[in-house]
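Reproduced below: structure25.cif, with mmCIF, C-alpha atoms.
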```
data_model
loop_
_atom_site.label_atom_id
_atom_site.label_comp_id
_atom_site.auth_asym_id
_atom_site.auth_seq_id
_atom_site.Cartn_x
_atom_site.Cartn_y
_atom_site.Cartn_z
CA MET A 1 42.68 31.85 23.55
CA THR A 2 45.73 30.38 25.31
CA GLU A 3 48.73 29.02 23.41
CA PHE A 4 47.90 25.57 24.70
CA SER A 5 44.30 25.78 23.49
CA ALA A 6 45.36 26.95 20.03
CA LEU A 7 47.88 24.13 19.64
CA ARG A 8 45.42 21.55 20.98
CA GLN A 9 42.81 22.56 18.41
CA GLN A 10 45.38 22.63 15.61
CA ALA A 11 46.35 19.09 16.60
CA GLY A 12 42.71 18.01 16.32
CA LEU A 13 42.58 16.76 19.91
CA SER A 14 39.70 16.99 22.35
CA ILE A 15 40.61 17.80 25.94
CA PRO A 16 40.27 14.13 27.05
CA GLU A 17 42.39 13.06 24.06
CA ALA A 18 45.02 15.69 24.87
CA ALA A 19 45.17 14.49 28.47
CA ALA A 20 45.67 10.89 27.32
CA ARG A 21 48.33 11.80 24.72
CA LEU A 22 50.25 14.10 27.06
CA GLY A 23 50.02 11.92 30.17
CA TYR A 24 48.25 14.40 32.45
CA THR A 25 44.84 14.49 34.13
CA GLU A 26 41.93 16.18 32.39
CA ARG A 27 41.65 18.55 35.35
CA GLU A 28 45.20 19.78 34.75
CA VAL A 29 44.57 20.09 31.02
CA TYR A 30 41.45 22.16 31.66
CA ARG A 31 43.54 24.51 33.80
CA TRP A 32 45.97 24.97 30.90
CA GLU A 33 43.03 25.42 28.53
CA ASN A 34 41.50 28.34 30.42
CA GLY A 35 44.82 29.90 31.39
CA ALA A 36 44.56 29.25 35.13
CA VAL A 37 48.11 27.88 35.02
CA LYS A 38 50.73 27.54 32.29
CA PRO A 39 51.92 24.09 31.21
CA ARG A 40 55.59 23.17 31.24
CA ARG A 41 57.46 24.16 28.10
CA ALA A 42 58.02 20.48 27.36
CA VAL A 43 54.25 20.01 27.08
CA ILE A 44 53.99 22.81 24.52
CA GLU A 45 56.86 21.41 22.50
CA LEU A 46 55.35 17.91 22.54
CA LEU A 47 51.99 19.29 21.43
CA LYS A 48 53.68 21.01 18.49
CA THR A 49 55.12 17.68 17.37
CA LEU A 50 51.64 16.14 17.33
CA LYS A 51 50.30 18.76 14.93
CA PRO A 52 51.43 17.21 11.61
CA THR A 53 50.13 13.74 12.44
CA THR A 54 46.78 14.60 14.00
CA ILE A 55 45.43 17.14 11.54
CA ARG A 56 43.51 15.05 9.00
CA PRO A 57 42.85 16.95 5.75
CA ALA A 58 43.38 13.85 3.62
CA VAL A 59 41.05 11.76 5.78
CA ALA A 60 38.46 14.52 5.86
CA ALA A 61 38.50 14.73 2.07
CA LYS A 62 38.19 10.96 1.75
CA SER A 63 35.48 10.84 4.40
CA SER A 64 33.28 13.44 2.75
CA PHE A 65 29.68 12.24 2.82
CA ARG A 66 26.25 13.83 2.74
CA PHE A 67 23.86 13.73 5.68
CA ILE A 68 20.51 15.17 6.71
CA ASP A 69 19.70 16.61 10.13
CA LEU A 70 16.13 15.84 11.29
CA PHE A 71 14.65 17.23 14.54
CA ALA A 72 17.86 19.23 14.39
CA GLY A 73 17.39 21.37 17.50
CA ILE A 74 20.49 23.55 17.65
CA GLY A 75 22.73 21.25 15.66
CA GLY A 76 24.40 18.92 18.17
CA LEU A 77 24.19 15.80 16.01
CA ARG A 78 25.40 17.80 13.04
CA ARG A 79 28.47 19.06 14.92
CA GLY A 80 29.46 15.53 15.81
CA PHE A 81 29.36 14.26 12.23
CA GLU A 82 30.86 17.35 10.66
CA SER A 83 33.91 16.53 12.78
CA ILE A 84 34.60 13.49 10.55
CA GLY A 85 34.08 15.31 7.26
CA GLY A 86 30.33 15.12 6.67
CA THR A 87 28.35 17.76 4.78
CA CYS A 88 24.82 18.63 5.84
CA VAL A 89 22.45 18.93 2.85
CA PHE A 90 19.06 19.20 4.57
CA THR A 91 17.80 20.43 7.95
CA CYS A 92 14.40 20.03 9.58
CA GLU A 93 13.43 21.76 12.84
CA TRP A 94 9.99 23.12 13.66
CA ASP A 95 10.81 25.41 16.63
CA ARG A 96 11.46 28.96 15.40
CA TYR A 97 13.79 29.82 18.28
CA CYS A 98 15.90 26.72 17.62
CA GLN A 99 15.97 27.74 13.96
CA GLN A 100 17.33 31.12 15.03
CA THR A 101 20.16 29.57 17.01
CA TYR A 102 20.86 27.01 14.28
CA ARG A 103 21.17 29.68 11.59
CA ALA A 104 23.44 31.77 13.81
CA ASN A 105 25.86 28.86 14.15
CA PHE A 106 25.65 27.49 10.62
CA PRO A 107 25.44 30.70 8.57
CA GLU A 108 27.16 29.10 5.57
CA ASP A 109 24.19 26.83 4.82
CA GLU A 110 22.76 27.20 1.34
CA HIS A 111 19.61 25.24 2.17
CA GLU A 112 16.57 26.48 4.08
CA ILE A 113 15.45 24.94 7.35
CA ALA A 114 12.29 22.88 6.85
CA GLY A 115 9.63 23.15 9.55
CA ASP A 116 7.10 20.47 10.49
CA ILE A 117 8.47 17.11 9.32
CA ARG A 118 4.91 15.86 8.82
CA GLN A 119 4.55 18.40 6.02
CA VAL A 120 7.83 17.44 4.32
CA ASP A 121 7.51 15.25 1.24
CA GLU A 122 10.30 12.69 1.33
CA SER A 123 10.90 13.17 -2.40
CA ASP A 124 11.84 16.81 -1.72
CA ILE A 125 14.72 15.77 0.54
CA PRO A 126 18.13 15.60 -1.23
CA GLU A 127 19.92 12.30 -1.65
CA HIS A 128 22.12 11.52 1.34
CA ASP A 129 24.41 8.85 2.74
CA LEU A 130 23.55 9.26 6.42
CA LEU A 131 20.37 10.24 8.27
CA LEU A 132 20.58 11.86 11.71
CA ALA A 133 17.49 12.22 13.90
CA GLY A 134 17.06 13.12 17.55
CA PHE A 135 13.31 12.50 17.41
CA PRO A 136 11.29 14.01 20.31
CA CYS A 137 12.00 12.32 23.62
CA GLN A 138 9.30 13.80 25.86
CA PRO A 139 6.70 11.10 25.05
CA PHE A 140 9.17 8.43 26.28
CA SER A 141 11.13 10.15 29.08
CA ILE A 142 10.47 9.20 32.71
CA ALA A 143 9.62 12.80 33.59
CA GLY A 144 7.46 13.22 30.49
CA VAL A 145 5.53 10.01 31.09
CA SER A 146 4.95 10.88 34.76
CA LYS A 147 3.63 14.32 33.87
CA LYS A 148 1.34 12.99 31.13
CA ASN A 149 0.03 10.28 33.46
CA ALA A 150 -0.72 12.89 36.11
CA LEU A 151 -2.61 14.97 33.53
CA GLU A 152 -4.27 11.82 32.11
CA ARG A 153 -2.72 12.48 28.71
CA PRO A 154 -1.39 9.85 26.29
CA HIS A 155 2.35 9.24 26.00
CA GLY A 156 4.66 7.21 23.80
CA PHE A 157 3.23 6.34 20.38
CA ALA A 158 -0.22 7.26 21.69
CA CYS A 159 0.93 10.89 21.88
CA GLU A 160 -0.15 12.12 18.45
CA ALA A 161 1.66 15.45 18.83
CA GLN A 162 5.15 13.93 19.19
CA GLY A 163 5.13 10.19 19.79
CA THR A 164 4.35 9.18 16.21
CA LEU A 165 7.10 11.29 14.64
CA PHE A 166 9.37 8.24 14.60
CA PHE A 167 7.28 6.95 11.71
CA ASP A 168 8.13 10.07 9.71
CA VAL A 169 11.79 9.13 10.14
CA ALA A 170 10.91 5.62 8.95
CA ARG A 171 9.16 6.83 5.78
CA ILE A 172 12.19 8.97 4.86
CA ILE A 173 14.53 6.01 5.43
CA ARG A 174 12.24 3.81 3.34
CA HIS A 175 12.25 6.28 0.45
CA HIS A 176 15.96 7.21 0.38
CA ARG A 177 17.61 4.04 1.70
CA PRO A 178 20.65 5.85 3.17
CA ARG A 179 23.77 3.81 3.86
CA ALA A 180 23.36 4.44 7.57
CA PHE A 181 21.40 6.34 10.20
CA VAL A 182 21.87 7.52 13.78
CA LEU A 183 18.89 8.02 16.09
CA GLU A 184 19.07 9.50 19.58
CA ASN A 185 16.56 9.44 22.43
CA VAL A 186 16.21 9.12 26.20
CA LYS A 187 17.32 6.01 28.08
CA ASN A 188 13.71 5.21 29.00
CA LEU A 189 12.91 4.51 25.35
CA VAL A 190 14.11 0.93 25.97
CA ASN A 191 11.72 0.34 28.90
CA HIS A 192 8.78 2.53 27.90
CA ASP A 193 5.43 0.72 27.93
CA GLN A 194 7.13 -2.42 29.32
CA GLY A 195 9.46 -2.56 26.33
CA ARG A 196 6.72 -2.58 23.70
CA THR A 197 7.70 0.82 22.28
CA PHE A 198 11.28 -0.27 21.58
CA ARG A 199 10.09 -3.57 20.12
CA VAL A 200 7.99 -1.63 17.61
CA ILE A 201 10.96 0.58 16.69
CA HIS A 202 13.21 -2.48 16.34
CA GLU A 203 10.63 -4.25 14.18
CA VAL A 204 10.23 -1.25 11.86
CA LEU A 205 13.95 -0.67 11.42
CA THR A 206 14.92 -4.32 10.92
CA SER A 207 12.04 -6.40 9.58
CA GLN A 208 10.27 -3.67 7.64
CA LEU A 209 13.21 -1.53 6.48
CA GLY A 210 15.90 -4.22 6.44
CA TYR A 211 18.61 -2.41 8.40
CA HIS A 212 21.19 -3.94 10.73
CA ILE A 213 20.90 -2.00 13.98
CA HIS A 214 22.98 -1.57 17.11
CA TRP A 215 22.19 0.46 20.21
CA LYS A 216 23.84 1.56 23.41
CA VAL A 217 22.91 3.73 26.38
CA ILE A 218 25.82 6.14 26.90
CA ASP A 219 26.39 8.36 29.92
CA ALA A 220 27.87 11.73 28.97
CA LYS A 221 29.78 12.11 32.24
CA SER A 222 32.82 10.51 30.61
CA TRP A 223 33.11 13.68 28.50
CA VAL A 224 31.30 16.45 30.40
CA PRO A 225 30.52 17.05 34.09
CA GLN A 226 26.92 15.89 33.77
CA HIS A 227 25.16 12.58 34.43
CA ARG A 228 23.13 12.28 31.25
CA GLU A 229 22.18 8.91 29.82
CA ARG A 230 20.88 8.69 26.26
CA ILE A 231 20.30 5.81 23.87
CA ILE A 232 22.09 5.90 20.52
CA ILE A 233 20.69 3.68 17.78
CA VAL A 234 22.93 3.09 14.75
CA GLY A 235 21.72 1.34 11.63
CA PHE A 236 23.57 0.19 8.50
CA ARG A 237 21.84 -0.80 5.29
CA ASP A 238 24.46 -3.44 4.54
CA PRO A 239 26.14 -5.85 6.99
CA THR A 240 29.23 -4.46 8.76
CA ARG A 241 31.43 -5.41 11.67
CA PHE A 242 30.31 -2.35 13.60
CA SER A 243 29.75 -2.92 17.31
CA PHE A 244 29.39 -0.59 20.26
CA ASP A 245 31.32 -3.15 22.33
CA SER A 246 34.62 -1.91 20.91
CA MET A 247 33.85 1.80 21.29
CA SER A 248 36.41 3.66 23.39
CA ILE A 249 34.71 5.42 26.31
CA PRO A 250 36.82 7.38 28.83
CA ASP A 251 36.62 6.31 32.46
CA PRO A 252 33.57 8.18 33.88
CA LEU A 253 35.18 8.26 37.30
CA LYS A 254 37.97 10.37 35.80
CA GLY A 255 35.67 12.64 33.84
CA PRO A 256 35.73 16.44 34.12
CA LYS A 257 34.17 18.30 37.04
CA LEU A 258 31.97 21.38 37.03
CA GLU A 259 34.92 23.72 37.52
CA SER A 260 35.82 23.00 33.89
CA ILE A 261 32.63 24.70 32.64
CA LEU A 262 31.93 27.34 35.29
CA HIS A 263 32.88 30.97 34.82
CA PRO A 264 36.17 31.32 36.77
CA GLU A 265 35.23 34.86 37.93
CA ASN A 266 38.91 35.75 38.30
CA GLY A 267 39.48 37.84 35.21
CA SER A 268 40.95 34.98 33.17
CA GLU A 269 38.06 35.14 30.70
CA LYS A 270 36.58 38.16 29.02
CA PRO A 271 33.25 39.44 30.37
CA GLU A 272 30.24 38.45 28.30
CA ARG A 273 27.06 40.38 28.94
CA PRO A 274 24.48 39.55 30.11
CA TYR A 275 26.12 36.49 31.65
CA THR A 276 29.17 38.09 33.27
CA SER A 277 30.39 41.62 33.84
CA GLY A 278 33.23 43.69 35.26
CA ARG A 279 36.97 43.24 34.93
CA GLN A 280 36.78 39.91 36.77
CA ALA A 281 33.92 38.65 34.58
CA VAL A 282 31.77 37.91 37.62
CA VAL A 283 28.48 36.09 37.06
CA SER A 284 25.58 38.54 36.91
CA ASP A 285 23.39 38.80 39.99
CA LYS A 286 20.28 37.88 38.02
CA TYR A 287 21.35 34.22 38.08
CA THR A 288 21.32 34.14 41.89
CA LEU A 289 18.04 32.79 43.28
CA SER A 290 15.87 35.17 45.25
CA ASN A 291 15.67 34.42 48.97
CA HIS A 292 11.98 33.65 48.47
CA LEU A 293 12.61 31.04 45.76
CA TRP A 294 15.51 29.50 47.67
CA ARG A 295 13.32 29.16 50.76
CA TYR A 296 10.53 27.60 48.69
CA LEU A 297 12.87 25.02 47.14
CA ARG A 298 14.25 24.02 50.54
CA ASP A 299 10.76 23.70 52.04
CA TYR A 300 9.59 21.69 49.02
CA ALA A 301 12.55 19.31 49.29
CA GLU A 302 12.00 18.87 53.03
CA LYS A 303 8.31 18.08 52.54
CA HIS A 304 9.11 15.33 50.08
CA ARG A 305 12.02 14.02 52.17
CA GLU A 306 9.64 13.46 55.06
CA LYS A 307 7.40 11.45 52.71
CA GLY A 308 10.32 9.37 51.58
CA ASN A 309 10.41 10.86 48.08
CA GLY A 310 13.54 11.91 46.23
CA PHE A 311 12.21 15.16 44.84
CA GLY A 312 14.28 18.23 45.50
CA PHE A 313 16.95 20.57 44.27
CA GLY A 314 20.49 19.60 43.32
CA LEU A 315 23.24 21.71 44.92
CA PHE A 316 26.73 21.42 43.46
CA GLY A 317 30.25 22.76 43.81
CA PRO A 318 33.21 22.99 41.41
CA GLN A 319 34.40 19.41 42.11
CA ASP A 320 31.01 17.81 41.49
CA VAL A 321 29.25 16.27 38.49
CA ALA A 322 25.81 17.71 37.81
CA ARG A 323 22.46 16.07 37.35
CA THR A 324 20.86 15.97 33.89
CA LEU A 325 20.14 19.40 32.46
CA SER A 326 16.50 19.44 31.35
CA ALA A 327 14.36 21.70 29.18
CA ARG A 328 12.51 22.90 32.29
CA TYR A 329 15.69 24.45 33.70
CA PHE A 330 14.37 27.91 32.87
CA LYS A 331 11.63 27.56 35.52
CA ASP A 332 13.73 27.58 38.69
CA GLY A 333 17.04 25.90 37.85
CA SER A 334 16.48 23.51 40.73
CA GLU A 335 18.16 20.44 39.22
CA ILE A 336 21.55 22.18 38.96
CA LEU A 337 22.23 24.95 41.48
CA ILE A 338 25.74 26.27 42.10
CA ARG A 339 26.82 27.01 45.68
CA GLN A 340 27.84 30.56 46.50
CA HIS A 341 29.50 31.84 49.66
CA GLY A 342 27.30 34.00 51.87
CA LYS A 343 24.23 34.04 49.62
CA ALA A 344 21.67 31.87 47.87
CA PRO A 345 22.90 29.54 45.11
CA ARG A 346 22.65 30.46 41.47
CA ARG A 347 21.59 28.95 38.19
CA LEU A 348 24.06 28.13 35.47
CA THR A 349 24.33 30.83 32.84
CA PRO A 350 23.41 29.88 29.26
CA ARG A 351 27.12 30.06 28.40
CA GLU A 352 27.86 27.50 31.12
CA CYS A 353 25.03 25.34 29.74
CA ALA A 354 26.67 25.50 26.30
CA ARG A 355 29.88 24.23 27.89
CA LEU A 356 28.06 21.60 29.95
CA MET A 357 26.57 20.20 26.73
CA GLY A 358 29.90 20.35 24.90
CA PHE A 359 28.90 23.01 22.36
CA ASP A 360 31.88 25.07 23.42
CA SER A 361 34.49 25.23 26.16
CA PRO A 362 36.45 27.93 27.97
CA GLY A 363 38.92 29.23 25.42
CA GLY A 364 37.53 26.88 22.78
CA GLN A 365 34.99 27.07 19.98
CA PHE A 366 32.49 29.86 20.59
CA PHE A 367 28.83 28.92 20.24
CA ARG A 368 26.49 31.79 19.41
CA ILE A 369 23.44 32.20 21.67
CA PRO A 370 21.14 34.72 19.95
CA VAL A 371 18.00 33.93 21.98
CA SER A 372 16.68 34.80 25.45
CA ASP A 373 17.84 32.91 28.54
CA THR A 374 14.51 31.07 28.67
CA GLN A 375 14.83 29.80 25.12
CA ALA A 376 18.53 29.01 25.56
CA TYR A 377 17.82 26.86 28.64
CA LYS A 378 15.13 24.96 26.71
CA GLN A 379 17.44 24.43 23.76
CA PHE A 380 20.42 23.16 25.72
CA GLY A 381 18.16 21.02 27.93
CA ASN A 382 16.81 19.30 24.81
CA ALA A 383 20.16 19.00 23.04
CA VAL A 384 22.63 16.15 22.66
CA VAL A 385 26.07 16.26 24.27
CA VAL A 386 28.32 17.07 21.33
CA PRO A 387 31.48 15.18 22.46
CA VAL A 388 29.40 12.01 22.88
CA ILE A 389 28.11 12.29 19.31
CA ALA A 390 31.60 13.10 18.04
CA ALA A 391 32.89 9.93 19.74
CA VAL A 392 30.11 7.88 18.12
CA ALA A 393 30.94 9.47 14.76
CA ARG A 394 34.62 8.55 15.09
CA HIS A 395 33.66 5.00 16.01
CA MET A 396 31.31 4.76 13.01
CA GLU A 397 33.70 6.42 10.57
CA PRO A 398 35.61 3.39 9.20
CA HIS A 399 32.39 1.39 8.82
CA LEU A 400 30.56 4.31 7.23
CA ILE A 401 33.35 5.02 4.78
CA SER A 402 33.64 1.32 3.97
CA ALA A 403 29.92 1.32 3.15
CA LEU A 404 30.38 4.33 0.90
CA ASP A 405 33.28 2.76 -0.98
CA VAL A 406 31.35 -0.20 -2.35
CA PRO A 407 31.18 -0.47 -6.18
CA GLY A 408 28.47 1.63 -7.76
CA ARG A 409 28.04 3.94 -4.76
CA ARG A 410 26.67 7.40 -5.31
CA VAL A 411 29.57 9.82 -5.05
CA ALA A 412 28.76 12.46 -2.47
CA SER A 413 29.79 15.91 -3.54
CA ALA A 414 31.25 18.15 -0.86
#
```
Since I need it in another form, could you write the structure as structure tokens?
Amino acid sequence: MTEFSALRQQAGLSIPEAAARLGYTEREVYRWENGAVKPRRAVIELLKTLKPTTIRPAVAAKSSFRFIDLFAGIGGLRRGFESIGGTCVFTCEWDRYCQQTYRANFPEDEHEIAGDIRQVDESDIPEHDLLLAGFPCQPFSIAGVSKKNALERPHGFACEAQGTLFFDVARIIRHHRPRAFVLENVKNLVNHDQGRTFRVIHEVLTSQLGYHIHWKVIDAKSWVPQHRERIIIVGFRDPTRFSFDSMSIPDPLKGPKLESILHPENGSEKPERPYTSGRQAVVSDKYTLSNHLWRYLRDYAEKHREKGNGFGFGLFGPQDVARTLSARYFKDGSEILIRQHGKAPRRLTPRECARLMGFDSPGGQFFRIPVSDTQAYKQFGNAVVVPVIAAVARHMEPHLISALDVPGRRVASA
């Protein structure tokens, strides 16, 4: 870890926040972060002066609240709300490989991970102040709907396997009446079934459960080099002045580029098998597409181009912003391919996917990946972008804490 990275983390600043406070571009800050160049001494000295005012132990203690993590995946929503002092008291995730990754990264948990939410009795869930749920998005996503239509399978709420799981979230909210909740899903949730799906969700949360809800579609490219739009739905049990309109979102045109998450391959980071090897930590050859697959992807793209369709691979360089990483990335990696000189392009490594989704960064917090590449690609493709959730958490924090400070509130133990 570089001196700059250590001081930045001690100061409690994200890379975009450090860039804004120090008056430099995020690109330059990323170069300091990974040790590509050293910042001026004046920058280091200024960062040291920020340390006492930006570390927030008192706020964290005051902000301590209890939350539950439903459809937890690998813990992206949890990471965002732990950053403002929350304590997770219950986790539910049915996929055993996601459970493996979740346990590896939250080994301190004293509670077990529940499996199928349909088998969970709401009375067995501990009391909590905040409910988090990234309920399954495939029944509502554009790609998911197209695939199900092609296979003549139901989607949305008609999909009994996944589409009706929202109502399990609703029954838990109805039973526990948490002060607030945060739900996450794909952008297409708003338009699915000509808007009828979202109208049902809105009706359940407001008219039936009595919550005051707010929602916003947020593109992650303000925080990470990826165009990824997701809807965030926030609900408060009691009236508040919360509004997404006042949320601070960095300029997406000035967001980070892919070079900030790619392996530098110059020896500035330690090799990490099986992703990189050798003294220069060069990306392993197994991530380079075979000539046969590369030829197939080009022919496939050309065939659809001639038909006027937009299907095809996405080829990117260090100064680009990637397409949306999906759970199908393990198949051929076609949506995000990285150019290479003199040979076929390559997939991202799982470590680069972790960085692309904000679970860690070069020289930053290290996210454990205990599963195979196939499972890792699925997990990151289904995950939330952690810095986006952390930004939402910070924006919610004063309203959430205000809700918890009302007379007669249940005191949440840390």
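Here CA of Gln375 (chain A) is placed at a distance of 24.9 Å from CA of Asn188 (chain A).
Between CA of Glu265 (chain A) and CA of Ile338 (chain A) lies a distance of 13.5 Å.
Candidate residues A:Leu348, A:Ile68, A:Ala220, A:Cys98 were compared for distance to Val386 (chain A), and the nearest is A:Ala220, using only C-alpha atoms.
Between CA of Met357 (chain A) and CA of Val224 (chain A) the separation is 7.1 Å.
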*Might you spell out which residues the PyMOL selection byres ((chain A and resi 23-32) around 12) would select in the displayed file, as JSON, numbers by chain?*
{"A": [1, 2, 3, 4, 5, 6, 7, 8, 13, 14, 15, 16, 17, 18, 19, 20, 21, 22, 33, 34, 35, 36, 37, 38, 39, 40, 41, 43, 44, 46, 47, 222, 223, 224, 225, 250, 251, 252, 253, 254, 255, 256, 257, 258, 259, 260, 261, 262, 264, 268, 318, 319, 361, 362, 363, 364]}
_From the options A:Val234, A:Gln226, A:Arg279, A:Gly195, which residue's atoms come nearest to Tyr211 (chain A), counting only C-alpha atoms?_
A:Val234
*Pull out every residue that the PyMOL selection byres ((chain A and resi 240) around 10) matches in the shown coordinates and put them as a PyMOL selection string.*
chain A and resi 212+235-239+241-243+399-400+402-403
Produce the centre coordinates and the three edge lengths, each in Å to one decimal, of the box along x, y and z that contains all listed atoms of region 280-288 of chain A with 4 Å added on each side, as JSON.
```
{"center_x": 28.5, "center_y": 37.0, "center_z": 38.2, "size_x": 24.5, "size_y": 13.8, "size_z": 15.3}
```
*asked:* For this structure, which residues satisfy the selection - the PyMOL selection byres ((chain A and resi 95) around 10) - when it is evaluated on the file as given? I want them as a PyMOL selection string.
replied: chain A and resi 71-74+92-94+96-100+115-116+379
Output for the residues just chosen: C-alpha atoms as a PDB file, keeping the file's coordinate frame:
```
ATOM      1  CA  PHE A  71      14.650  17.230  14.540  1.00  0.00           C
ATOM      2  CA  ALA A  72      17.860  19.230  14.390  1.00  0.00           C
ATOM      3  CA  GLY A  73      17.390  21.370  17.500  1.00  0.00           C
ATOM      4  CA  ILE A  74      20.490  23.550  17.650  1.00  0.00           C
ATOM      5  CA  CYS A  92      14.400  20.030   9.580  1.00  0.00           C
ATOM      6  CA  GLU A  93      13.430  21.760  12.840  1.00  0.00           C
ATOM      7  CA  TRP A  94       9.990  23.120  13.660  1.00  0.00           C
ATOM      8  CA  ARG A  96      11.460  28.960  15.400  1.00  0.00           C
ATOM      9  CA  TYR A  97      13.790  29.820  18.280  1.00  0.00           C
ATOM     10  CA  CYS A  98      15.900  26.720  17.620  1.00  0.00           C
ATOM     11  CA  GLN A  99      15.970  27.740  13.960  1.00  0.00           C
ATOM     12  CA  GLN A 100      17.330  31.120  15.030  1.00  0.00           C
ATOM     13  CA  GLY A 115       9.630  23.150   9.550  1.00  0.00           C
ATOM     14  CA  ASP A 116       7.100  20.470  10.490  1.00  0.00           C
ATOM     15  CA  GLN A 379      17.440  24.430  23.760  1.00  0.00           C
TER      16      GLN A 379
END
```
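Using only C-alpha atoms, the nearest neighbour of Gln340 (chain A) within the list A:Phe359, A:Phe367, A:Tyr300, A:Tyr287 is A:Tyr287.
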_When you look at region 293-296 of chain A with a cut-off of 10 Å (counting all atoms listed in the file), what residues show up, excluding the ones that are within fewer than 3 positions of it in the same chain? I need them as an MDAnalysis selection string._
chainID A and resid 288:290 299:302 313 332 334 344:346
_Residue neighbourhood Asp129 (chain A), 7 Å, all atoms listed in the file, exclusion window fewer than 5 positions, as a ChimeraX atom specification_ = /A:65-67,178-180
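Counting only C-alpha atoms and comparing A:Gly333, A:Asp219, A:His341, A:Ala393, the residue that lies closest to Leu132 (chain A) is A:Ala393.
You can rank A:Ile201, A:Leu356, A:Ala133, A:Ile113 by their closest distance to Pro387 (chain A) using all atoms listed in the file, and at the top of that list sits A:Leu356.
Using all atoms listed in the file, the shortest contact distance between His175 (chain A) and any of A:Glu110, A:Asp245, A:Asp124, A:Asp193 is found at A:Asp124.
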*asked:* Which residues are near Ala376 (chain A)? Cut-off 9 Å, only C-alpha atoms, ignore same chain within fewer than 2 positions. Put them as a ChimeraX atom specification.
replied: /A:97-98,101,330,350,353-354,369-374,378-381
Where atoms are lacking, region 243-257 of chain A completed to N, CA and C atoms, as an mmCIF file, keeping the file's coordinate frame:
```cif
data_model
loop_
_atom_site.group_PDB
_atom_site.id
_atom_site.type_symbol
_atom_site.label_atom_id
_atom_site.label_comp_id
_atom_site.auth_asym_id
_atom_site.auth_seq_id
_atom_site.Cartn_x
_atom_site.Cartn_y
_atom_site.Cartn_z
ATOM 1 N N SER A 243 30.271 -2.508 16.006
ATOM 2 C CA SER A 243 29.750 -2.920 17.310
ATOM 3 C C SER A 243 30.076 -1.841 18.328
ATOM 4 N N PHE A 244 29.119 -1.542 19.182
ATOM 5 C CA PHE A 244 29.390 -0.590 20.260
ATOM 6 C C PHE A 244 30.335 -1.184 21.306
ATOM 7 N N ASP A 245 30.481 -2.512 21.315
ATOM 8 C CA ASP A 245 31.320 -3.150 22.330
ATOM 9 C C ASP A 245 32.765 -2.681 22.266
ATOM 10 N N SER A 246 33.219 -2.325 21.069
ATOM 11 C CA SER A 246 34.620 -1.910 20.910
ATOM 12 C C SER A 246 34.799 -0.397 20.955
ATOM 13 N N MET A 247 33.739 0.337 21.249
ATOM 14 C CA MET A 247 33.850 1.800 21.290
ATOM 15 C C MET A 247 34.646 2.241 22.521
ATOM 16 N N SER A 248 35.571 3.146 22.299
ATOM 17 C CA SER A 248 36.410 3.660 23.390
ATOM 18 C C SER A 248 35.655 4.738 24.164
ATOM 19 N N ILE A 249 35.404 4.462 25.445
ATOM 20 C CA ILE A 249 34.710 5.420 26.310
ATOM 21 C C ILE A 249 35.608 5.742 27.497
ATOM 22 N N PRO A 250 35.966 7.013 27.697
ATOM 23 C CA PRO A 250 36.820 7.380 28.830
ATOM 24 C C PRO A 250 36.214 6.953 30.159
ATOM 25 N N ASP A 251 37.062 6.704 31.128
ATOM 26 C CA ASP A 251 36.620 6.310 32.460
ATOM 27 C C ASP A 251 35.742 7.406 33.063
ATOM 28 N N PRO A 252 34.445 7.132 33.334
ATOM 29 C CA PRO A 252 33.570 8.180 33.880
ATOM 30 C C PRO A 252 34.000 8.679 35.243
ATOM 31 N N LEU A 253 34.710 7.845 35.989
ATOM 32 C CA LEU A 253 35.180 8.260 37.300
ATOM 33 C C LEU A 253 36.301 9.297 37.202
ATOM 34 N N LYS A 254 36.903 9.398 36.023
ATOM 35 C CA LYS A 254 37.970 10.370 35.800
ATOM 36 C C LYS A 254 37.513 11.504 34.890
ATOM 37 N N GLY A 255 36.201 11.607 34.702
ATOM 38 C CA GLY A 255 35.670 12.640 33.840
ATOM 39 C C GLY A 255 35.820 14.029 34.444
ATOM 40 N N PRO A 256 35.569 15.064 33.647
ATOM 41 C CA PRO A 256 35.730 16.440 34.120
ATOM 42 C C PRO A 256 34.714 16.802 35.204
ATOM 43 N N LYS A 257 35.054 17.804 35.982
ATOM 44 C CA LYS A 257 34.170 18.300 37.040
ATOM 45 C C LYS A 257 33.627 19.671 36.635
#
```
